[in-house]
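Working notes for the structure below.
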Amino acid sequence: VAAPSWGSGQTSLSPCQFLRRQQVLQLYRKILRAIREVPAEQDRRYLKDWAREEFKRNKDATEEDAIRMMITQGNMQLQELQRTLKLAKS
């Protein structure tokens, strides 16, 4: 059974969906904050556009396992970006 889309604004979220949505939004904000640390303007713009498109592309996902997997992948990509930025500064 497919859960209601988060973006519709017309259906209320279950507690699980609400928490998952909070996780997704928190990840998105963390990614954007990390991107702000990228020194080159062109790279920042590219990464910001990439992040926005990835989240937009998956905004209608409703399957719990798929959403969990995407959050995990997003966190891994965030960690990789943070590691790269740390190395670039040292």
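A note on labels: chains of the structure tokens are A, B, ... as shown, every chain counts residues from 1, and ligands are counted from 1 in their shown order.
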**Asked** Within 8 Å of region 68-80 of chain A, counting only C-alpha atoms, which residues qualify if same-chain residues fewer than 4 places away don't, as a list in words?
**Response** Gln23, Val24, Leu27, Lys30, Ile31, Ala34, Glu64 and Thr84 of chain A
Near Gln22 (chain A), within 12 Å and counting only C-alpha atoms, which residues show up once chain neighbours fewer than 5 positions away are dropped, as an mmCIF file with C-alpha atoms, in the first residue's frame?
```cif
data_model
loop_
_atom_site.group_PDB
_atom_site.id
_atom_site.type_symbol
_atom_site.label_atom_id
_atom_site.label_comp_id
_atom_site.auth_asym_id
_atom_site.auth_seq_id
_atom_site.Cartn_x
_atom_site.Cartn_y
_atom_site.Cartn_z
ATOM 1 C CA TRP A 6 4.383 14.292 1.371
ATOM 2 C CA LEU A 13 1.305 12.426 7.723
ATOM 3 C CA PRO A 15 4.023 9.781 12.830
ATOM 4 C CA CYS A 16 6.530 7.632 10.930
ATOM 5 C CA GLN A 17 6.157 9.735 7.767
ATOM 6 C CA LEU A 27 19.776 16.086 5.559
ATOM 7 C CA TYR A 28 18.963 18.634 2.834
ATOM 8 C CA ARG A 29 19.886 21.531 5.125
ATOM 9 C CA ILE A 71 18.625 8.959 3.378
#
```
**Request:** Pull the alpha helix (DSSP H) assignments for region 5-56 of chain A out of DSSP run on the backbone, and list those residues as an MDAnalysis selection string.
**Result:** chainID A and resid 15:35 41:56
